[in-house]
Amino acid sequence: MVEESPGDPSGYTQPWFCQSRCKTHHRCRNHSRCRRTKNRAISTFMRATQYTCMLLSYLIERKADKEKLVMKLKQLESSMSSGRKMFRLGNMVHALVAARKTTQLPDVVPRFCLTASNLTRALYFVCDAVLWLKSIGLQPDVDKLKWRNWATKCYYFSLLMNLARDWYEISWRLEQAVQGEKTKENSFWDKHNQELNCVRCGGLHGFLLLLFQILKRHPPLLLDLVKNLCDLSGPLDTLGICKTNPGVIGFCGVLSSLVGILTLASPQLKLKQ
């Protein structure tokens, strides 16, 4: 029997593209879903390009004969960052819709964490839209530093809520694993008694071994955890909590974007809400 997560309501998992012909709108049974997926894919590819340029420019900026290439990479990075802002309004609406859906989750912890995450992410998009209006001259009196700080804090809190949800999922699966080993009722866990005996003996090694096995058997949970941890590098640096450099932020951004592309291409690898 397939395990169900405490925060996973049953629902439709959208495919990479609609099964019907999307070029003909009246024939597409899920055209709105397909359009959102395509827009998300474009935004994710632009994000991957942006952070790749950041990483490459950091790696080669100290070379004397690479000034022009570094300048072009930074220009492309800036263009990708500006282009992604075109999707902010749609992302804000999507975050609000997602927040409404997560309020219906049966388990209180995922319901609180995901709803808070989606709401603060929507606030982040609002702050980012204000910054965009400032950049194009429509709101010249906006305090750029203040709004950027608010946007970063909203994004940071959203990621913390996502990580809290991930840890709750991990804790729930750890508890299920230990109970399954003790009762001998789950044949899946009976095959791994030798590994689980380490937990019975106690110690950090046993905990880490079981944690590794849990994440290995649940790729969506592992990918979501990796993505959220990578995304933390940006706000941690901006808020001064943990100062890094553009190379680290670029690398984490590329890794996070690759996870996003992977979950878009294979929706079964996305952690359900």
# chains A, B, ... in the order shown; residues from 1 in each chain; ligands from 1
call {"tool": "residues_around", "arguments": {"residues": "segment 88-93 of chain A", "least_positions_apart": "4", "cutoff": "10 Å", "atoms": "only C-alpha atoms", "output": "PyMOL selection string"}}
result
chain A and resi 36+39-40+43+83-84+97-99+118-119+121-126+128-129+132
call {"tool": "select_by_dssp", "arguments": {"residues": "segment 21-150 of chain A", "states": "alpha helix (DSSP H)", "output": "PyMOL selection string"}}
result
chain A and resi 31-60+67-84+88-102+108-135+144-150
call {"tool": "atom_distance", "arguments": {"atom1": "atom CA of Leu138 of chain A", "atom2": "atom CA of Thr152 of chain A"}}
result
21.8 Å
call {"tool": "closest_residue", "arguments": {"among": "A:Leu163, A:Val254, A:Leu131, A:Val142", "to": "Asp224 of chain A", "atoms": "only C-alpha atoms"}}
result
A:Leu163
call {"tool": "closest_residue", "arguments": {"among": "A:Arg47, A:Arg111, A:Lys38, A:Lys134", "to": "Arg148 of chain A", "atoms": "only C-alpha atoms"}}
result
A:Lys134
call {"tool": "closest_residue", "arguments": {"among": "A:Val130, A:Leu96, A:Gly253, A:Thr49", "to": "Leu73 of chain A", "atoms": "only C-alpha atoms"}}
result
A:Thr49
call {"tool": "atom_distance", "arguments": {"atom1": "atom CA of Leu221 of chain A", "atom2": "atom CA of Phe251 of chain A"}}
result
20.9 Å
